[in-house]
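A short write-up of the structure that comes next.
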Amino acid sequence: MSQNCGSRYGQGTVLPWQDRRQGARQAQNFPVFTVEMPAERVDWSAGSVPRSVRFGDTYYSTDNGLAESRMVFLCGNRLGVRLQDGFHVGELGFGTGLNLLACLDLWNTSRCSGQFNFTSFEAYPMRWRDMQRAHAAFPEVSSLSAQLTDHIRRGESRFRLGAANVAIVYADARIALPECRLDIDAWFLDGFSPRCNPQMWELALLREVARNTRAGGTIATFTAAGWVRRNLALAGFKVVRQAGFGSKRHMVVGHYEGAGTSGSIRTEPSG
Ligand SMILES: C[S@@+](CC[C@H](N)C(=O)[O-])C[C@H]1O[C@@H](n2cnc3c(N)ncnc32)[C@H](O)[C@@H]1O
């Protein structure tokens, strides 16, 4: 499979360049890497929810991935009232693309007009057929799924999907994000559980998330692990723990007040 992806760490030739073809609205200031990359192995033994063989974790909740995405990432970032023309969503961990589908579905049902940007970082892309199989459990987004998997099947990493200008940066976020200049309004921090994939919650990476966030921008994540909350606070986010999805007791939301401010942790919403 030919993909644009990151590879300063031994998978092939690195061809980074700043893409100047994008209009200012898209503001996709990140490097593009090109390399041949093996498709990620997915375990389907548990049923309709894919599990990563590499990380030993499911891509989303076994209770209902779409409902989880809506509660954790869309509501957690208050996208119901914030998503608008020119908005920029950032994501760590594209996975099946279900969060993108949930976001587009929200856009379509909320009478927004214009377009928004969706930039996601993915180091271990799954096959489009695995994506398709994962989405089959969510018929309400079947049309969006068909369009997305068509782009992925063609090996595209930048494409227009409905109102979304989608950019998938096929690279390790720890390597790609330091080279980015993004003004993200809302982040979906979705990199497997910190126990299975601690690299996605390292302070250095979360500082890069902060640096690529506009003042007032927000984050949401399904995990409420204490050390992750502390790293988020050290990176400059004011974080709040709130009720989680399904069997998870808590999740975390937060906002960034801008460079030079220090973050903090609260365990309950300020009300
Ligand atoms: C929980 S899944 C994401 C689920 C996804 N958001 C969805 O809607 O299906 C975590 C994703 O993070 C990716 N990932 C893990 N470590 C990474 C890293 N260091 N950089 C970029 N992506 C990474 C995995 O390959 C996986 O696709």
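Ordering of the structure tokens sets the chain letters (A, B, ...), residue numbers begin anew at 1 in every chain, and ligands are numbered from 1 in the order given.
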Protein and nucleic residues near ligand 1, 7 Å, only C-alpha atoms and all ligand atoms, as number ranges by chain: A: 58-60, 92-100, 121-125, 171-174, 190-192, 197, 199-200
Can I get the selected residues back with C-alpha atoms, as a compact mmCIF listing (two decimals), in the first residue's frame?
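New file result13.txt:
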# COMPACT_ATOMS: atom_id res chain seq x y z
CA THR A 58 -9.74 -1.87 21.00
CA TYR A 59 -10.06 1.12 18.67
CA TYR A 60 -13.09 2.33 20.63
CA LEU A 92 -4.20 12.03 17.55
CA GLY A 93 -5.00 8.57 16.15
CA PHE A 94 -7.17 8.37 13.00
CA GLY A 95 -7.81 4.63 13.43
CA THR A 96 -11.03 3.67 11.68
CA GLY A 97 -11.98 7.31 11.03
CA LEU A 98 -15.11 6.91 13.12
CA ASN A 99 -14.55 10.21 14.94
CA LEU A 100 -14.38 11.98 11.59
CA PHE A 121 -2.15 11.92 12.86
CA GLU A 122 -1.82 8.20 12.27
CA ALA A 123 1.37 6.12 12.49
CA TYR A 124 -0.08 2.67 11.78
CA PRO A 125 -2.86 2.99 9.17
CA ALA A 171 3.41 9.67 10.74
CA ASP A 172 4.26 9.16 14.36
CA ALA A 173 2.66 12.16 16.04
CA ARG A 174 5.76 12.58 18.20
CA ASP A 190 -7.54 9.25 20.98
CA GLY A 191 -4.33 7.25 21.08
CA PHE A 192 -5.31 3.98 22.82
CA ASN A 197 0.35 3.21 24.46
CA GLN A 199 3.94 7.30 24.05
CA MET A 200 0.75 9.08 22.94
Neighbour list for Asn212 (chain A) as a PyMOL selection string, cut-off 8 Å, only C-alpha atoms, skip fewer than 6 positions in-chain: chain A and resi 180-184
Those of region 66-214 of chain A in DSSP helix (DSSP H, G or I), formatted as number ranges by chain: A: 66-75, 79-82, 98-109, 128-135, 139-153, 173-179, 198-201, 203-211
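By chain and then residue number, the residues within 9 Å of Gly258 (chain A) are Ala210, Arg211, Thr213, Arg214, Ala215, Gly216, Gly217, Gly236, Phe237, Thr261 and Ser262 of chain A, counting only C-alpha atoms and disregarding those fewer than 3 positions away in sequence.
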Dump C-alpha atoms for the selected residues as a CSV table (one decimal), in the first residue's frame?
chain,number,residue,atom,x,y,z
A,210,ALA,CA,-0.6,22.8,23.2
A,211,ARG,CA,1.7,24.7,20.8
A,213,THR,CA,-3.7,24.9,19.7
A,214,ARG,CA,-5.2,28.4,19.4
A,215,ALA,CA,-5.9,30.3,22.6
A,216,GLY,CA,-9.3,29.1,23.9
A,217,GLY,CA,-9.0,25.8,22.0
A,236,GLY,CA,-0.7,24.3,29.7
A,237,PHE,CA,-4.3,22.9,29.6
A,261,THR,CA,-0.1,30.3,31.0
A,262,SER,CA,0.0,27.4,33.4
Minimum-distance residue to Leu161 (chain A), chosen among A:Val72, A:Leu177, A:Leu101, A:Leu203 (using only C-alpha atoms):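 Counting only C-alpha atoms, the residue closest to Leu161 (chain A) is A:Leu101.
Distance annotation: of A:Ser110, A:Ser69, A:Ser264, A:Thr218, the residue with the minimal separation from Arg230 (chain A) is A:Ser264; atom set is only C-alpha atoms.
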Selection near Phe222 (chain A), 8 Å with only C-alpha atoms, sequence-local residues under 4 positions removed, as a PyMOL selection string: chain A and resi 72+189-190+244-245+250-252
Include C-alpha atoms and write out the residues we just selected as a PDB file, in the first residue's frame.
ATOM      1  CA  VAL A  72     -16.366  12.048  24.564  1.00  0.00           C
ATOM      2  CA  LEU A 189      -6.896  12.840  21.950  1.00  0.00           C
ATOM      3  CA  ASP A 190      -7.544   9.249  20.980  1.00  0.00           C
ATOM      4  CA  GLY A 244     -17.069   8.910  31.307  1.00  0.00           C
ATOM      5  CA  PHE A 245     -18.764   6.816  28.635  1.00  0.00           C
ATOM      6  CA  HIS A 250     -14.330   9.342  34.022  1.00  0.00           C
ATOM      7  CA  MET A 251     -13.109  11.195  30.961  1.00  0.00           C
ATOM      8  CA  VAL A 252     -11.225  14.470  30.679  1.00  0.00           C
TER       9      VAL A 252
END
Residue nearest Arg249 (chain A) - candidates A:Ile175, A:Leu106, A:Ala225, A:Val169, atoms counted: only C-alpha atoms: A:Ala225
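CA of Leu232 (chain A) is found 19.0 Å from CA of Ala176 (chain A).
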Which of A:Arg129, A:Arg160, A:Arg78, A:His135 sits closest to Phe116 (chain A) [using only C-alpha atoms]: A:Arg160
Proximity to Leu83 (chain A) - best of A:Ser247, A:Ser142, A:Asn165, A:Ser113, only C-alpha atoms: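 Nearest to Leu83 (chain A): A:Ser113.
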Give me every strand (DSSP E) residue in region 88-240 of chain A, going by DSSP on the backbone, as an mmCIF file with N, CA and C atoms, in the first residue's frame.
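Result file is out-v5.cif:
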data_model
loop_
_atom_site.group_PDB
_atom_site.id
_atom_site.type_symbol
_atom_site.label_atom_id
_atom_site.label_comp_id
_atom_site.auth_asym_id
_atom_site.auth_seq_id
_atom_site.Cartn_x
_atom_site.Cartn_y
_atom_site.Cartn_z
ATOM 1 N N HIS A 88 -11.244 24.176 13.011
ATOM 2 C CA HIS A 88 -10.190 23.192 12.750
ATOM 3 C C HIS A 88 -10.139 22.158 13.883
ATOM 4 N N VAL A 89 -10.458 20.917 13.535
ATOM 5 C CA VAL A 89 -10.367 19.802 14.490
ATOM 6 C C VAL A 89 -9.026 19.105 14.289
ATOM 7 N N GLY A 90 -8.353 18.781 15.390
ATOM 8 C CA GLY A 90 -7.119 17.990 15.336
ATOM 9 C C GLY A 90 -7.361 16.669 16.045
ATOM 10 N N GLU A 91 -6.689 15.638 15.577
ATOM 11 C CA GLU A 91 -6.892 14.327 16.210
ATOM 12 C C GLU A 91 -5.567 13.586 16.299
ATOM 13 N N LEU A 92 -5.323 12.966 17.435
ATOM 14 C CA LEU A 92 -4.197 12.032 17.548
ATOM 15 C C LEU A 92 -4.779 10.638 17.446
ATOM 16 N N PHE A 116 -15.089 22.887 7.253
ATOM 17 C CA PHE A 116 -14.172 22.840 8.388
ATOM 18 C C PHE A 116 -12.994 21.944 8.037
ATOM 19 N N ASN A 117 -11.939 22.060 8.840
ATOM 20 C CA ASN A 117 -10.726 21.272 8.606
ATOM 21 C C ASN A 117 -10.614 20.171 9.650
ATOM 22 N N PHE A 118 -10.134 19.037 9.193
ATOM 23 C CA PHE A 118 -9.959 17.897 10.102
ATOM 24 C C PHE A 118 -8.579 17.317 9.822
ATOM 25 N N THR A 119 -7.655 17.522 10.760
ATOM 26 C CA THR A 119 -6.282 17.039 10.595
ATOM 27 C C THR A 119 -6.009 15.960 11.625
ATOM 28 N N SER A 120 -5.645 14.768 11.144
ATOM 29 C CA SER A 120 -5.450 13.640 12.060
ATOM 30 C C SER A 120 -4.078 13.014 11.840
ATOM 31 N N PHE A 121 -3.475 12.544 12.917
ATOM 32 C CA PHE A 121 -2.149 11.925 12.857
ATOM 33 C C PHE A 121 -2.285 10.421 13.067
ATOM 34 N N ARG A 158 -5.162 13.525 1.621
ATOM 35 C CA ARG A 158 -5.839 14.837 1.706
ATOM 36 C C ARG A 158 -6.995 14.812 0.748
ATOM 37 N N PHE A 159 -8.168 15.073 1.256
ATOM 38 C CA PHE A 159 -9.338 15.024 0.390
ATOM 39 C C PHE A 159 -10.481 15.793 1.031
ATOM 40 N N ARG A 160 -11.480 16.088 0.202
ATOM 41 C CA ARG A 160 -12.679 16.769 0.692
ATOM 42 C C ARG A 160 -13.732 15.698 0.929
ATOM 43 N N LEU A 161 -14.304 15.671 2.123
ATOM 44 C CA LEU A 161 -15.371 14.725 2.434
ATOM 45 C C LEU A 161 -16.541 15.539 2.984
ATOM 46 N N ALA A 164 -15.876 18.667 5.088
ATOM 47 C CA ALA A 164 -14.572 18.580 5.758
ATOM 48 C C ALA A 164 -13.406 18.544 4.782
ATOM 49 N N ASN A 165 -12.428 19.409 5.023
ATOM 50 C CA ASN A 165 -11.131 19.305 4.355
ATOM 51 C C ASN A 165 -10.297 18.378 5.221
ATOM 52 N N VAL A 166 -10.156 17.141 4.774
ATOM 53 C CA VAL A 166 -9.501 16.130 5.606
ATOM 54 C C VAL A 166 -8.024 16.037 5.248
ATOM 55 N N ALA A 167 -7.182 15.995 6.265
ATOM 56 C CA ALA A 167 -5.748 15.740 6.065
ATOM 57 C C ALA A 167 -5.342 14.680 7.073
ATOM 58 N N ILE A 168 -4.859 13.561 6.572
ATOM 59 C CA ILE A 168 -4.343 12.527 7.473
ATOM 60 C C ILE A 168 -2.819 12.555 7.341
ATOM 61 N N VAL A 169 -2.158 12.838 8.445
ATOM 62 C CA VAL A 169 -0.694 12.877 8.448
ATOM 63 C C VAL A 169 -0.236 11.484 8.878
ATOM 64 N N ILE A 184 -5.269 24.719 16.031
ATOM 65 C CA ILE A 184 -6.402 23.796 16.231
ATOM 66 C C ILE A 184 -7.407 24.399 17.229
ATOM 67 N N ASP A 185 -8.682 24.263 16.889
ATOM 68 C CA ASP A 185 -9.749 24.733 17.788
ATOM 69 C C ASP A 185 -10.148 23.657 18.794
ATOM 70 N N ALA A 186 -10.110 22.391 18.369
ATOM 71 C CA ALA A 186 -10.556 21.304 19.255
ATOM 72 C C ALA A 186 -9.789 20.035 18.915
ATOM 73 N N TRP A 187 -9.243 19.408 19.938
ATOM 74 C CA TRP A 187 -8.468 18.172 19.749
ATOM 75 C C TRP A 187 -9.247 16.954 20.225
ATOM 76 N N PHE A 188 -9.147 15.874 19.443
ATOM 77 C CA PHE A 188 -9.613 14.563 19.885
ATOM 78 C C PHE A 188 -8.348 13.776 20.246
ATOM 79 N N LEU A 189 -8.090 13.593 21.527
ATOM 80 C CA LEU A 189 -6.896 12.840 21.950
ATOM 81 C C LEU A 189 -7.320 11.382 22.103
ATOM 82 N N THR A 213 -2.319 24.607 19.360
ATOM 83 C CA THR A 213 -3.699 24.919 19.727
ATOM 84 C C THR A 213 -3.875 26.428 19.817
ATOM 85 N N ARG A 214 -4.985 26.948 19.287
ATOM 86 C CA ARG A 214 -5.217 28.388 19.415
ATOM 87 C C ARG A 214 -5.676 28.705 20.841
ATOM 88 N N ALA A 215 -5.454 29.917 21.296
ATOM 89 C CA ALA A 215 -5.901 30.311 22.637
ATOM 90 C C ALA A 215 -7.406 30.070 22.727
ATOM 91 N N GLY A 216 -7.844 29.437 23.798
ATOM 92 C CA GLY A 216 -9.264 29.121 23.947
ATOM 93 C C GLY A 216 -9.628 27.783 23.335
ATOM 94 N N GLY A 217 -8.697 27.149 22.627
ATOM 95 C CA GLY A 217 -8.953 25.829 22.034
ATOM 96 C C GLY A 217 -9.140 24.773 23.115
ATOM 97 N N THR A 218 -9.734 23.662 22.735
ATOM 98 C CA THR A 218 -10.103 22.651 23.727
ATOM 99 C C THR A 218 -9.529 21.286 23.386
ATOM 100 N N ILE A 219 -9.539 20.417 24.400
ATOM 101 C CA ILE A 219 -9.180 19.010 24.212
ATOM 102 C C ILE A 219 -10.252 18.147 24.862
ATOM 103 N N ALA A 220 -10.369 16.921 24.392
ATOM 104 C CA ALA A 220 -11.212 15.934 25.075
ATOM 105 C C ALA A 220 -10.565 14.575 24.883
ATOM 106 N N THR A 221 -10.658 13.748 25.902
ATOM 107 C CA THR A 221 -10.140 12.393 25.802
ATOM 108 C C THR A 221 -10.926 11.452 26.703
ATOM 109 N N PHE A 237 -2.797 23.061 29.732
ATOM 110 C CA PHE A 237 -4.257 22.945 29.640
ATOM 111 C C PHE A 237 -4.888 23.004 31.035
ATOM 112 N N LYS A 238 -6.026 23.656 31.112
ATOM 113 C CA LYS A 238 -6.824 23.594 32.339
ATOM 114 C C LYS A 238 -7.756 22.405 32.146
ATOM 115 N N VAL A 239 -7.568 21.344 32.914
ATOM 116 C CA VAL A 239 -8.314 20.114 32.658
ATOM 117 C C VAL A 239 -9.332 19.831 33.759
ATOM 118 N N VAL A 240 -10.407 19.203 33.347
ATOM 119 C CA VAL A 240 -11.504 18.873 34.248
ATOM 120 C C VAL A 240 -11.879 17.415 34.010
#
Computed interatomic separation between CA of Phe87 (chain A) and CA of Val253 (chain A) (Å): 18.2 Å
All residues 9 Å or closer to Ala137 (chain A), only C-alpha atoms, same chain fewer than 5 positions away omitted, as a PyMOL selection string: chain A and resi 48-49+64
For CA of Thr62 (chain A) and CA of Ala163 (chain A), the interatomic separation in Å (one decimal):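 Answer for the CA of Thr62 (chain A) to CA of Ala163 (chain A) separation: 28.8 Å.
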Among the residues A:Arg133, A:Gly254, A:Gly226, A:Val42, the one that comes closest to Asn77 (chain A) [using only C-alpha atoms]: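 Of A:Arg133, A:Gly254, A:Gly226, A:Val42, the one nearest Asn77 (chain A) is A:Gly254, counting only C-alpha atoms.
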